[in-house]
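Enquirer: If it helps, the file is called start-v5.cif and holds mmCIF, C-alpha atoms:
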```cif
data_query
loop_
_atom_site.label_atom_id
_atom_site.label_comp_id
_atom_site.auth_asym_id
_atom_site.auth_seq_id
_atom_site.Cartn_x
_atom_site.Cartn_y
_atom_site.Cartn_z
CA MET A 801 32.35 -1.29 50.24
CA ARG A 802 35.59 -1.94 52.17
CA TYR A 803 36.51 -4.38 54.92
CA LEU A 804 37.52 -3.41 58.50
CA GLY A 805 39.84 -5.44 60.67
CA THR A 806 37.12 -5.81 63.31
CA GLY A 807 35.03 -8.23 61.20
CA LEU A 808 32.82 -5.40 59.98
CA SER A 809 32.41 -3.99 56.49
CA VAL A 810 31.65 -0.45 55.48
CA ILE A 811 28.96 -0.14 52.76
CA SER A 812 28.39 3.18 50.99
CA PHE A 813 25.13 3.81 49.19
CA TYR A 814 23.35 6.76 47.62
CA ASN A 815 20.63 8.57 49.58
CA PRO A 816 18.54 11.26 47.78
CA ARG A 817 18.67 13.60 50.79
CA GLN A 818 22.06 12.88 52.32
CA LYS A 819 23.68 12.16 48.93
CA CYS A 820 25.82 9.37 50.44
CA SER A 821 25.48 7.24 53.58
CA ILE A 822 28.02 4.92 55.24
CA VAL A 823 26.91 1.94 57.32
CA ALA A 824 29.05 -0.60 59.17
CA VAL A 825 27.59 -4.12 58.99
CA PRO A 826 28.89 -7.63 59.78
CA ARG A 827 31.12 -8.96 56.99
CA TRP A 828 28.87 -11.97 56.22
CA ILE A 829 25.98 -9.65 55.47
CA SER A 830 28.08 -7.60 53.06
CA ILE A 831 29.25 -10.70 51.18
CA PHE A 832 25.66 -11.95 50.93
CA ALA A 833 24.56 -8.56 49.55
CA VAL A 834 27.27 -8.63 46.88
CA LEU A 835 26.16 -12.10 45.73
CA ILE A 836 22.51 -11.06 45.57
CA PHE A 837 23.25 -8.01 43.38
CA SER A 838 25.58 -10.05 41.15
CA LEU A 839 23.02 -12.72 40.25
CA PRO A 840 21.36 -10.78 37.38
CA ALA A 841 24.75 -10.13 35.77
CA LEU A 842 25.79 -13.75 36.15
CA GLY A 843 22.63 -14.96 34.43
CA ARG A 844 22.81 -12.42 31.61
CA ASP A 845 23.22 -13.97 28.15
CA LYS A 846 23.35 -17.48 29.62
CA PRO A 847 22.52 -20.14 27.01
CA ARG A 848 18.95 -21.31 27.34
CA GLU A 849 18.09 -24.80 28.43
CA SER A 850 15.61 -26.74 26.32
CA GLN A 851 14.22 -30.13 25.50
CA PRO A 852 15.49 -31.90 22.38
CA ILE A 853 14.25 -30.04 19.30
CA ASN A 854 11.71 -31.97 17.25
CA GLN A 855 10.40 -29.12 15.10
CA PHE A 856 11.15 -25.56 14.06
CA LYS A 857 10.36 -23.09 11.31
CA ILE A 858 12.36 -20.64 9.24
CA GLY A 859 11.32 -17.61 7.23
CA ARG A 860 13.63 -16.41 4.48
CA ARG A 861 13.14 -13.21 2.52
CA THR A 862 15.44 -13.08 -0.48
CA PHE A 863 15.84 -9.65 -2.06
CA PHE A 864 17.38 -8.57 -5.35
CA ASP A 865 18.23 -5.24 -6.94
CA PHE A 866 16.47 -6.24 -10.17
CA GLY A 867 12.88 -7.14 -10.81
CA PRO A 868 9.97 -6.96 -10.41
CA PRO A 869 9.36 -8.73 -8.18
CA PHE A 870 12.27 -7.71 -5.97
CA ASP A 871 11.46 -9.84 -2.92
CA PHE A 872 10.63 -13.52 -2.47
CA TYR A 873 9.26 -15.05 0.73
CA GLU A 874 9.86 -18.66 1.76
CA ILE A 875 8.58 -20.49 4.84
CA TYR A 876 10.26 -23.73 5.88
CA LEU A 877 8.49 -26.09 8.31
CA ILE A 878 10.66 -28.91 9.68
CA ARG A 879 9.45 -31.79 11.88
CA THR A 880 11.23 -34.98 12.93
CA ASP A 881 10.21 -38.41 14.17
CA GLY A 882 13.68 -39.03 15.57
CA GLN A 883 15.04 -40.81 12.50
CA SER A 884 14.12 -38.58 9.56
CA SER A 885 12.70 -35.10 9.03
CA ALA A 886 9.64 -33.97 7.09
CA VAL A 887 10.33 -30.67 5.34
CA GLU A 888 7.78 -28.33 3.78
CA ARG A 889 8.56 -25.14 1.88
CA ILE A 890 5.95 -22.52 1.07
CA THR A 891 7.01 -19.87 -1.45
CA LEU A 892 5.08 -16.60 -1.74
CA THR A 893 5.90 -14.25 -4.60
CA PRO A 894 4.48 -10.71 -4.75
CA HIS A 895 3.02 -9.63 -8.07
CA GLY A 896 5.53 -8.50 -10.67
CA GLY A 897 3.38 -5.61 -11.79
CA SER A 898 -0.36 -5.83 -11.20
CA CYS A 899 -1.02 -6.13 -14.94
CA MET A 900 1.51 -8.76 -15.86
CA VAL A 901 2.54 -11.40 -13.36
CA PRO A 902 0.18 -12.25 -10.51
CA ALA A 903 1.17 -12.86 -6.94
CA LYS A 904 1.38 -16.56 -6.26
CA PHE A 905 2.14 -19.19 -3.66
CA GLU A 906 3.66 -22.64 -4.11
CA ARG A 907 4.25 -25.60 -1.86
CA THR A 908 6.96 -28.26 -1.99
CA ALA A 909 7.49 -31.12 0.47
CA ALA A 910 10.20 -33.73 0.95
CA LEU A 911 11.46 -36.30 3.45
CA VAL A 912 15.06 -35.95 4.57
CA ARG A 913 16.67 -39.11 5.93
CA GLU A 914 18.26 -37.27 8.84
CA PRO A 915 16.99 -36.20 12.25
CA ILE A 916 16.84 -32.52 13.14
CA VAL A 917 19.93 -32.76 15.34
CA SER A 918 21.91 -33.81 12.27
CA LEU A 919 20.46 -31.04 10.10
CA LEU A 920 21.51 -28.56 12.78
CA GLU A 921 25.03 -30.03 12.75
CA GLY A 922 24.68 -30.95 16.42
CA LYS A 923 24.39 -27.28 17.44
CA ASN A 924 21.41 -26.46 19.66
CA PRO A 925 20.02 -23.07 18.57
CA CYS A 926 18.85 -22.47 22.13
CA ALA A 927 22.47 -22.46 23.31
CA ILE A 928 23.67 -19.66 21.01
CA PRO A 929 24.41 -16.53 23.08
CA GLU A 930 22.33 -13.50 22.15
CA LYS A 931 25.39 -11.27 21.96
CA GLU A 932 26.80 -13.42 19.14
CA LEU A 933 23.60 -13.09 17.15
CA ARG A 934 23.44 -9.33 17.70
CA ARG A 935 27.03 -8.94 16.62
CA GLU A 936 26.43 -10.89 13.41
CA MET A 937 23.37 -8.80 12.52
CA LYS A 938 25.42 -5.59 12.94
CA ARG A 939 28.49 -6.77 11.05
CA CYS A 940 27.99 -4.63 7.97
CA LYS A 941 26.13 -1.46 8.86
CA LYS A 942 27.77 0.71 6.17
CA CYS A 943 28.12 -1.91 3.45
CA LEU A 944 26.53 -1.46 0.04
CA VAL A 945 24.20 -4.45 -0.22
CA PHE A 946 22.41 -5.00 -3.52
CA SER A 947 21.08 -8.51 -2.95
CA GLY A 948 20.87 -10.86 0.01
CA ALA A 949 18.52 -12.61 2.40
CA VAL A 950 17.11 -12.16 5.88
CA THR A 951 16.37 -15.41 7.72
CA THR A 952 14.41 -15.89 10.91
CA MET A 953 14.36 -19.19 12.79
CA GLU A 954 11.72 -19.79 15.44
CA VAL A 955 12.37 -22.69 17.81
CA GLN A 956 10.96 -23.65 21.19
CA CYS A 957 13.51 -23.33 23.99
CA GLY A 958 11.97 -24.60 27.19
CA PRO A 959 8.62 -22.89 27.84
CA GLN A 960 9.31 -20.06 25.37
CA ASP A 961 9.87 -19.64 21.66
CA ARG A 962 13.20 -18.18 20.63
CA VAL A 963 13.74 -16.12 17.49
CA ILE A 964 17.15 -16.31 15.80
CA ARG A 965 17.85 -13.91 12.92
CA SER A 966 20.62 -13.92 10.35
CA LEU A 967 21.57 -11.53 7.57
CA VAL A 968 23.03 -13.02 4.40
CA LEU A 969 24.87 -10.51 2.21
CA ASP A 970 25.54 -10.81 -1.49
CA LYS A 971 29.24 -11.32 -0.73
CA ASP A 972 28.29 -14.39 1.34
CA TRP A 973 26.95 -15.89 -1.89
CA PHE A 974 29.54 -14.78 -4.41
CA ASP A 975 32.89 -13.90 -2.77
CA SER A 976 35.56 -16.57 -2.50
CA ALA A 977 36.47 -15.42 1.04
CA PRO A 978 33.41 -13.63 2.38
CA GLY A 979 34.20 -13.99 6.10
CA THR A 980 30.67 -15.13 6.88
CA PRO A 981 30.05 -15.41 10.67
CA GLN A 982 29.65 -18.94 12.00
CA ASN A 983 25.96 -18.82 12.93
CA THR A 984 24.98 -17.19 9.64
CA SER A 985 27.11 -19.70 7.75
CA ARG A 986 25.48 -22.59 9.61
CA THR A 987 22.00 -21.29 8.71
CA MET A 988 23.04 -20.98 5.05
CA ARG A 989 24.26 -24.58 5.00
CA LEU A 990 21.03 -25.77 6.63
CA LEU A 991 18.84 -24.04 4.04
CA SER A 992 21.05 -25.29 1.23
CA ARG A 993 20.55 -28.88 2.39
CA LEU A 994 16.80 -28.36 2.63
CA ASP A 995 16.68 -26.84 -0.87
CA ASP A 996 18.68 -29.78 -2.23
CA ALA A 997 15.92 -32.06 -0.98
CA LEU A 998 13.04 -29.80 -2.05
CA GLY A 999 14.29 -28.81 -5.49
CA SER A 1000 14.99 -25.43 -7.07
CA ASN A 1001 14.28 -22.28 -5.09
CA VAL A 1002 14.00 -18.58 -5.88
CA MET A 1003 17.75 -18.30 -6.60
CA ASP A 1004 17.27 -20.65 -9.55
CA ARG A 1005 14.50 -18.65 -11.18
CA PRO A 1006 15.10 -16.55 -14.31
CA ALA A 1007 15.65 -12.86 -13.83
CA PHE A 1008 12.92 -10.53 -15.09
CA SER A 1009 10.27 -13.25 -14.89
CA SER A 1010 7.68 -10.49 -15.34
CA PHE A 1011 8.29 -10.64 -19.09
CA LEU A 1012 7.01 -14.20 -19.28
CA THR A 1013 3.49 -14.59 -20.57
CA ALA A 1014 0.80 -16.22 -18.48
CA SER A 1015 1.11 -19.44 -20.45
CA GLU A 1016 4.80 -19.66 -19.52
CA GLN A 1017 4.22 -19.34 -15.79
CA THR A 1018 4.32 -22.53 -13.71
CA ALA A 1019 1.01 -23.46 -12.12
CA PRO A 1020 1.22 -23.63 -8.31
CA ALA A 1021 0.98 -27.02 -6.62
CA PRO A 1022 -2.12 -27.66 -4.49
CA ILE A 1023 -1.87 -26.63 -0.83
CA ASP A 1024 -3.93 -28.23 1.94
CA SER A 1025 -6.62 -26.16 3.65
CA GLU A 1026 -4.84 -26.05 7.04
CA THR A 1027 -1.75 -24.49 5.49
CA LEU A 1028 -3.89 -21.98 3.59
CA SER A 1029 -5.65 -21.06 6.82
CA ASP A 1030 -2.34 -20.55 8.62
CA ILE A 1031 -1.02 -18.31 5.84
CA SER A 1032 -4.16 -16.21 5.46
CA SER A 1033 -4.52 -15.74 9.23
CA GLY A 1034 -1.03 -14.26 9.44
CA LYS A 1035 0.50 -17.09 11.48
CA TYR A 1036 3.84 -16.71 9.68
CA ASP A 1037 3.90 -12.93 9.30
CA ALA A 1038 6.09 -12.54 12.40
CA LEU A 1039 8.89 -14.38 10.60
CA PHE A 1040 9.21 -11.39 8.26
CA GLN A 1041 9.24 -8.37 10.54
CA GLY A 1042 10.35 -5.23 8.73
CA ALA A 1043 9.78 -6.79 5.28
CA PRO A 1044 8.05 -4.76 2.56
CA GLU A 1045 5.07 -7.15 2.52
CA LYS A 1046 3.40 -9.76 4.69
CA PRO A 1047 2.89 -13.36 3.56
CA SER A 1048 -0.81 -13.09 4.43
CA ASP A 1049 -1.20 -10.09 2.09
CA ILE A 1050 0.65 -11.86 -0.72
CA TYR A 1051 -1.65 -14.87 -0.31
CA LEU A 1052 -4.76 -12.67 -0.57
CA ALA A 1053 -3.31 -10.96 -3.67
CA ALA A 1054 -2.61 -14.38 -5.21
CA ARG A 1055 -6.32 -15.21 -5.00
CA ARG A 1056 -7.17 -12.30 -7.28
CA ALA A 1057 -6.87 -12.92 -11.02
CA ILE A 1058 -4.83 -10.47 -13.06
CA PRO A 1059 -7.00 -8.27 -15.31
CA THR A 1060 -7.39 -9.00 -18.99
CA PRO A 1061 -6.56 -6.14 -21.37
CA ASP A 1062 -8.96 -4.94 -24.03
CA ILE A 1063 -8.13 -3.98 -27.62
CA LYS A 1064 -10.86 -2.24 -29.58
CA VAL A 1065 -10.60 -1.71 -33.36
CA GLU A 1066 -12.68 0.88 -35.25
CA ILE A 1067 -12.67 0.97 -39.08
CA GLU A 1068 -13.81 4.20 -40.80
CA SER A 1069 -14.69 2.80 -44.20
CA PRO A 1070 -17.50 0.81 -45.79
CA ALA A 1071 -14.87 -1.75 -46.75
CA ARG A 1072 -14.44 -4.58 -44.24
CA PRO A 1073 -11.54 -7.04 -44.19
CA GLU A 1074 -12.29 -10.69 -44.80
CA ILE A 1075 -9.12 -11.72 -42.96
CA ARG A 1076 -8.50 -9.66 -39.83
CA PRO A 1077 -5.87 -10.80 -37.29
CA ALA A 1078 -6.27 -8.93 -34.02
CA PRO A 1079 -3.47 -6.79 -32.58
CA ILE A 1080 -1.60 -8.16 -29.56
CA TYR A 1081 -1.00 -6.01 -26.48
CA PRO A 1082 2.82 -5.56 -26.26
CA PRO A 1083 4.01 -7.12 -22.96
CA LEU A 1084 6.48 -4.32 -22.25
CA ALA A 1085 3.83 -1.68 -22.79
CA ARG A 1086 1.45 -3.48 -20.49
CA LEU A 1087 4.14 -3.87 -17.84
CA ALA A 1088 4.69 -0.10 -18.01
CA HIS A 1089 0.90 0.54 -17.86
CA ILE A 1090 1.01 2.22 -21.27
CA GLU A 1091 -2.32 2.44 -23.07
CA GLY A 1092 -4.03 4.60 -25.66
CA LYS A 1093 -5.08 4.83 -29.28
CA VAL A 1094 -3.07 4.23 -32.44
CA VAL A 1095 -4.51 5.78 -35.62
CA LEU A 1096 -3.52 4.19 -38.96
CA ARG A 1097 -4.29 5.06 -42.58
CA PHE A 1098 -3.83 2.95 -45.72
CA ARG A 1099 -5.15 2.20 -49.21
CA ILE A 1100 -6.47 -1.13 -50.47
CA ASP A 1101 -4.60 -2.29 -53.56
CA SER A 1102 -5.98 -4.25 -56.52
CA ASP A 1103 -5.37 -7.61 -54.80
CA GLY A 1104 -7.20 -6.58 -51.63
CA ASN A 1105 -4.00 -6.10 -49.64
CA VAL A 1106 -3.05 -3.19 -47.38
CA ALA A 1107 -0.83 -0.65 -49.14
CA ASN A 1108 0.75 2.67 -48.24
CA LEU A 1109 0.27 2.10 -44.51
CA THR A 1110 1.11 5.13 -42.37
CA THR A 1111 0.75 5.76 -38.66
CA VAL A 1112 -0.99 9.04 -37.93
CA SER A 1113 -0.61 8.98 -34.13
CA GLY A 1114 -0.06 6.69 -31.18
CA HIS A 1115 2.44 5.71 -28.52
CA PRO A 1116 5.69 4.29 -29.97
CA MET A 1117 5.43 1.15 -27.80
CA LEU A 1118 1.93 0.44 -29.20
CA ARG A 1119 2.45 1.31 -32.86
CA GLY A 1120 4.33 -1.82 -33.91
CA SER A 1121 1.62 -4.20 -32.72
CA ALA A 1122 -1.14 -2.24 -34.48
CA GLU A 1123 0.86 -1.97 -37.72
CA ASN A 1124 1.78 -5.66 -37.81
CA ALA A 1125 -1.83 -6.71 -37.35
CA VAL A 1126 -3.27 -4.35 -39.98
CA LYS A 1127 -0.59 -5.29 -42.54
CA SER A 1128 -2.00 -8.84 -42.51
CA TRP A 1129 -5.56 -7.78 -43.27
CA LYS A 1130 -7.12 -9.00 -46.52
CA PHE A 1131 -10.00 -7.27 -48.32
CA ARG A 1132 -12.14 -8.17 -51.35
CA ARG A 1133 -10.80 -7.16 -54.75
CA GLU A 1134 -13.94 -5.07 -55.19
CA ASP A 1135 -12.71 -2.83 -52.35
CA ALA A 1136 -9.60 -1.80 -54.24
CA ASP A 1137 -8.58 1.87 -54.19
CA HIS A 1138 -10.53 2.56 -50.98
CA ASP A 1139 -8.80 4.70 -48.34
CA VAL A 1140 -9.25 3.32 -44.83
CA ASP A 1141 -8.69 4.89 -41.40
CA VAL A 1142 -8.31 2.50 -38.49
CA THR A 1143 -8.16 3.31 -34.76
CA VAL A 1144 -6.73 0.64 -32.45
CA ASP A 1145 -7.47 1.39 -28.79
CA PHE A 1146 -5.24 -0.43 -26.27
CA ILE A 1147 -6.87 -0.57 -22.81
CA ALA A 1148 -4.66 -2.11 -20.12
CA ASN A 1149 -7.31 -2.39 -17.37
CA CYS A 1150 -4.53 -2.12 -14.78
CA PRO A 1151 -5.63 -1.38 -11.22
CA THR A 1152 -4.11 1.71 -9.67
CA GLU A 1153 -1.04 0.84 -7.63
CA PRO A 1154 -1.44 1.93 -3.99
CA SER A 1155 1.10 4.51 -2.89
CA LYS A 1156 3.48 3.29 -0.16
#
```
Once more with this new file: its structure as structure tokens, please.
Expert:
Amino acid sequence: MRYLGTGLSVISFYNPRQKCSIVAVPRWISIFAVLIFSLPALGRDKPRESQPINQFKIGRRTFFDFGPPFDFYEIYLIRTDGQSSAVERITLTPHGGSCMVPAKFERTAALVREPIVSLLEGKNPCAIPEKELRREMKRCKKCLVFSGAVTTMEVQCGPQDRVIRSLVLDKDWFDSAPGTPQNTSRTMRLLSRLDDALGSNVMDRPAFSSFLTASEQTAPAPIDSETLSDISSGKYDALFQGAPEKPSDIYLAARRAIPTPDIKVEIESPARPEIRPAPIYPPLARLAHIEGKVVLRFRIDSDGNVANLTTVSGHPMLRGSAENAVKSWKFRREDADHDVDVTVDFIANCPTEPSK
């Protein structure tokens, strides 16, 4: 478009047949046309207007390069009455090996003596430009990331819900000068304040928790039926798009009890021990789904004790448990000089892991 001294403007536009057409129109029409076509660009990436925020939710998936499990899922529900904020955290942990550590969910709640506007440091999430958020998510495309977290905040902005994502890298946790972007840093501070009120989170848990026995695992706190319904129906799954698992699937897995292993002992001798401690399934072997038979041979000495114990066959990770148990056996003195063969069969009862 160009202006003519006569009060007219020349507008050029593309025509499929004529390739290009030129039309002379009054100048006021041309100016009006320019404004009309500029409106979409002017409104692009404009901060969204919203009512004061009185509730929102956050999903955080924390991932580590050691495990299992390697991923932990946390859902934060925050509501305010204007003076203080009620905070609820639901933690869902995938199983750490289907034979060892079951999937589980836990709930923690607390009251924070601050309104939501204070927790958000006075920054309205609805007013954050989309281009800033996109830039922060793309800040480290070629970085080697071994541990970190992906957070997703869902907040109502006017008539629509807005989703705000942040990527926390391991350097954001551990480097002295990580250069964390401002929106990601603000989300980290928010979650840190919530965790301070709620108590320890997944970052405070011991590494390799799969090696703990069932008796050492913490029993989950009771969760109300409405929350269970929301989790099982997949209400919070959208907070973890692209994650290896869904919270609803972890919840269903947590309802299934882990299988109990079997250990069968066969004694090929008329002599029977009066004292017979049972072998214990080695935790590491069970974690690795190792099972099978260990064959032992020994002679009963004059005091009824096990002597000359040898291992004929069996997996190295299972032998020690079978040997330690049989060494403690006690027979009658009358059984002295008997040779005994014992077969200890370790059966893990592990379900087959589905291929991904």
Enquirer: Between CA of Ala949 (chain A) and CA of Ser966 (chain A), what is the spacing in Å?
Expert: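 Those two atoms sit 8.3 Å apart.
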Enquirer: Given the file shown, enumerate the residues that the PyMOL selection byres ((chain A and resi 906-912) around 7) captures and present them as JSON, numbers by chain.
Expert: {"A": [884, 885, 886, 887, 888, 889, 890, 891, 892, 904, 905, 913, 914, 997, 998, 1020, 1021, 1023]}
Enquirer: Take the selection from the previous step and output its residues with C-alpha atoms, as a compact mmCIF listing (two decimals), in the coordinates of the input.
Expert:
```txt
# COMPACT_ATOMS: atom_id res chain seq x y z
CA SER A 884 14.12 -38.58 9.56
CA SER A 885 12.70 -35.10 9.03
CA ALA A 886 9.64 -33.97 7.09
CA VAL A 887 10.33 -30.67 5.34
CA GLU A 888 7.78 -28.33 3.78
CA ARG A 889 8.56 -25.14 1.88
CA ILE A 890 5.95 -22.52 1.07
CA THR A 891 7.01 -19.87 -1.45
CA LEU A 892 5.08 -16.60 -1.74
CA LYS A 904 1.38 -16.56 -6.26
CA PHE A 905 2.14 -19.19 -3.66
CA ARG A 913 16.67 -39.11 5.93
CA GLU A 914 18.26 -37.27 8.84
CA ALA A 997 15.92 -32.06 -0.98
CA LEU A 998 13.04 -29.80 -2.05
CA PRO A 1020 1.22 -23.63 -8.31
CA ALA A 1021 0.98 -27.02 -6.62
CA ILE A 1023 -1.87 -26.63 -0.83
```
Enquirer: Skipping near chain neighbours, those fewer than 6 positions away, what residues fall within 9 Å of Asn983 (chain A) using all atoms listed in the file, listed as a ChimeraX atom specification?
Expert: /A:928,932-933,936,966
Enquirer: Using all atoms listed in the file, I'd like a table of the residues in region 989-1088 of chain A that come within 9 Å of region 1120-1140 of chain A; for each, show the closest atom pair and its distance in Å rounded to one decimal, ordered by chain and ascending number, as a Markdown table.
Expert:
```
| residue | atom | partner | partner_atom | distance |
| --- | --- | --- | --- | --- |
| A:Ile1067 | CA | A:Val1140 | CA | 7.1 |
| A:Glu1068 | CA | A:Val1140 | CA | 6.1 |
| A:Ser1069 | CA | A:Val1140 | CA | 5.5 |
| A:Pro1070 | CA | A:Val1140 | CA | 8.7 |
| A:Ala1071 | CA | A:Asp1135 | CA | 6.1 |
| A:Arg1072 | CA | A:Phe1131 | CA | 6.6 |
| A:Pro1073 | CA | A:Phe1131 | CA | 4.4 |
| A:Glu1074 | CA | A:Phe1131 | CA | 5.4 |
| A:Ile1075 | CA | A:Lys1130 | CA | 4.9 |
| A:Arg1076 | CA | A:Trp1129 | CA | 4.9 |
| A:Pro1077 | CA | A:Ala1125 | CA | 5.7 |
| A:Ala1078 | CA | A:Ala1125 | CA | 6.0 |
| A:Pro1079 | CA | A:Ala1125 | CA | 5.0 |
| A:Ile1080 | CA | A:Ser1121 | CA | 6.0 |
| A:Tyr1081 | CA | A:Ser1121 | CA | 7.0 |
| A:Pro1082 | CA | A:Ser1121 | CA | 6.7 |
```
Enquirer: Any chance you could work out the residue set of the PyMOL selection byres ((chain A and resi 924) around 12) here, as a PyMOL selection string?
Expert: chain A and resi 847-854+856+916-923+925-929+955-957+962+964+983+986
Enquirer: Give the answer as one residue: which of A:Ser1102, A:Ser1048, A:Ser1025, A:Gln855 has the shortest atom-to-atom distance to Tyr873 (chain A), using only C-alpha atoms?
Expert: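 Between A:Ser1102, A:Ser1048, A:Ser1025, A:Gln855, the residue approaching Tyr873 (chain A) most closely is A:Ser1048.
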Enquirer: Which of these residues is nearest to Lys1035 (chain A), using all atoms listed in the file: A:Asp1049, A:Pro978, A:Met988, A:Gly896?
Expert: A:Asp1049
Enquirer: Restricting the calculation to all atoms listed in the file, which member of A:Pro1061, A:Gly859, A:Gly1104, A:Gly979 is positioned closest to Arg1086 (chain A)?
Expert: A:Pro1061
Enquirer: Between CA of Asp1062 (chain A) and CA of Thr1143 (chain A), what is the spacing in Å?
Expert: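 Interatomic distance here is 13.6 Å.
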Enquirer: Expand the PyMOL selection byres ((chain A and resi 1056) around 12) into the explicit residue set it covers here, and present it as a PDB file with C-alpha atoms, in the frame of the given file.
Expert:
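Okay, selection-v7.pdb is ready:
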```pdb
ATOM      1  CA  HIS A 895       3.020  -9.630  -8.070  1.00  0.00           C
ATOM      2  CA  SER A 898      -0.360  -5.830 -11.200  1.00  0.00           C
ATOM      3  CA  CYS A 899      -1.020  -6.130 -14.940  1.00  0.00           C
ATOM      4  CA  VAL A 901       2.540 -11.400 -13.360  1.00  0.00           C
ATOM      5  CA  PRO A 902       0.180 -12.250 -10.510  1.00  0.00           C
ATOM      6  CA  ALA A 903       1.170 -12.860  -6.940  1.00  0.00           C
ATOM      7  CA  LYS A 904       1.380 -16.560  -6.260  1.00  0.00           C
ATOM      8  CA  ASP A1049      -1.200 -10.090   2.090  1.00  0.00           C
ATOM      9  CA  ILE A1050       0.650 -11.860  -0.720  1.00  0.00           C
ATOM     10  CA  TYR A1051      -1.650 -14.870  -0.310  1.00  0.00           C
ATOM     11  CA  LEU A1052      -4.760 -12.670  -0.570  1.00  0.00           C
ATOM     12  CA  ALA A1053      -3.310 -10.960  -3.670  1.00  0.00           C
ATOM     13  CA  ALA A1054      -2.610 -14.380  -5.210  1.00  0.00           C
ATOM     14  CA  ARG A1055      -6.320 -15.210  -5.000  1.00  0.00           C
ATOM     15  CA  ALA A1057      -6.870 -12.920 -11.020  1.00  0.00           C
ATOM     16  CA  ILE A1058      -4.830 -10.470 -13.060  1.00  0.00           C
ATOM     17  CA  PRO A1059      -7.000  -8.270 -15.310  1.00  0.00           C
ATOM     18  CA  PRO A1151      -5.630  -1.380 -11.220  1.00  0.00           C
TER      19      PRO A1151
END
```
Enquirer: From the structure block, carefully write region 1040-1083 of chain A out with C-alpha atoms; format it as a short mmCIF file (atom, residue, chain, number, x, y, z; two decimals), in the first residue's frame.
Expert:
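The resulting result_20.cif:
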```
data_model
loop_
_atom_site.label_atom_id
_atom_site.label_comp_id
_atom_site.auth_asym_id
_atom_site.auth_seq_id
_atom_site.Cartn_x
_atom_site.Cartn_y
_atom_site.Cartn_z
CA PHE A 1040 1.80 -35.33 33.88
CA GLN A 1041 1.63 -35.37 30.10
CA GLY A 1042 4.55 -37.23 28.56
CA ALA A 1043 5.46 -38.93 31.87
CA PRO A 1044 6.33 -42.64 31.91
CA GLU A 1045 3.25 -43.45 34.01
CA LYS A 1046 -0.11 -42.00 34.94
CA PRO A 1047 -1.13 -41.29 38.55
CA SER A 1048 -4.33 -43.29 38.00
CA ASP A 1049 -2.31 -46.37 36.96
CA ILE A 1050 0.02 -46.02 39.94
CA TYR A 1051 -3.00 -45.84 42.26
CA LEU A 1052 -4.46 -49.04 40.78
CA ALA A 1053 -1.07 -50.77 41.15
CA ALA A 1054 -0.89 -49.63 44.78
CA ARG A 1055 -4.11 -51.50 45.51
CA ARG A 1056 -2.51 -54.80 44.53
CA ALA A 1057 -0.45 -56.55 47.20
CA ILE A 1058 3.08 -57.62 46.31
CA PRO A 1059 3.41 -61.41 45.95
CA THR A 1060 4.88 -63.52 48.71
CA PRO A 1061 7.79 -65.76 47.74
CA ASP A 1062 7.84 -69.48 48.45
CA ILE A 1063 10.76 -71.54 49.73
CA LYS A 1064 10.37 -75.31 49.61
CA VAL A 1065 12.81 -77.66 51.37
CA GLU A 1066 13.16 -81.35 50.49
CA ILE A 1067 15.28 -83.69 52.64
CA GLU A 1068 16.48 -86.99 51.10
CA SER A 1069 17.18 -88.94 54.26
CA PRO A 1070 15.22 -90.75 56.94
CA ALA A 1071 16.86 -88.42 59.45
CA ARG A 1072 14.83 -85.30 60.25
CA PRO A 1073 16.17 -82.24 62.06
CA GLU A 1074 14.66 -81.36 65.42
CA ILE A 1075 15.71 -77.72 65.02
CA ARG A 1076 15.19 -76.42 61.48
CA PRO A 1077 15.41 -72.66 60.79
CA ALA A 1078 13.96 -71.84 57.38
CA PRO A 1079 16.06 -70.18 54.67
CA ILE A 1080 15.35 -66.52 53.92
CA TYR A 1081 14.88 -65.30 50.35
CA PRO A 1082 17.82 -62.92 49.66
CA PRO A 1083 16.38 -59.43 48.93
#
```
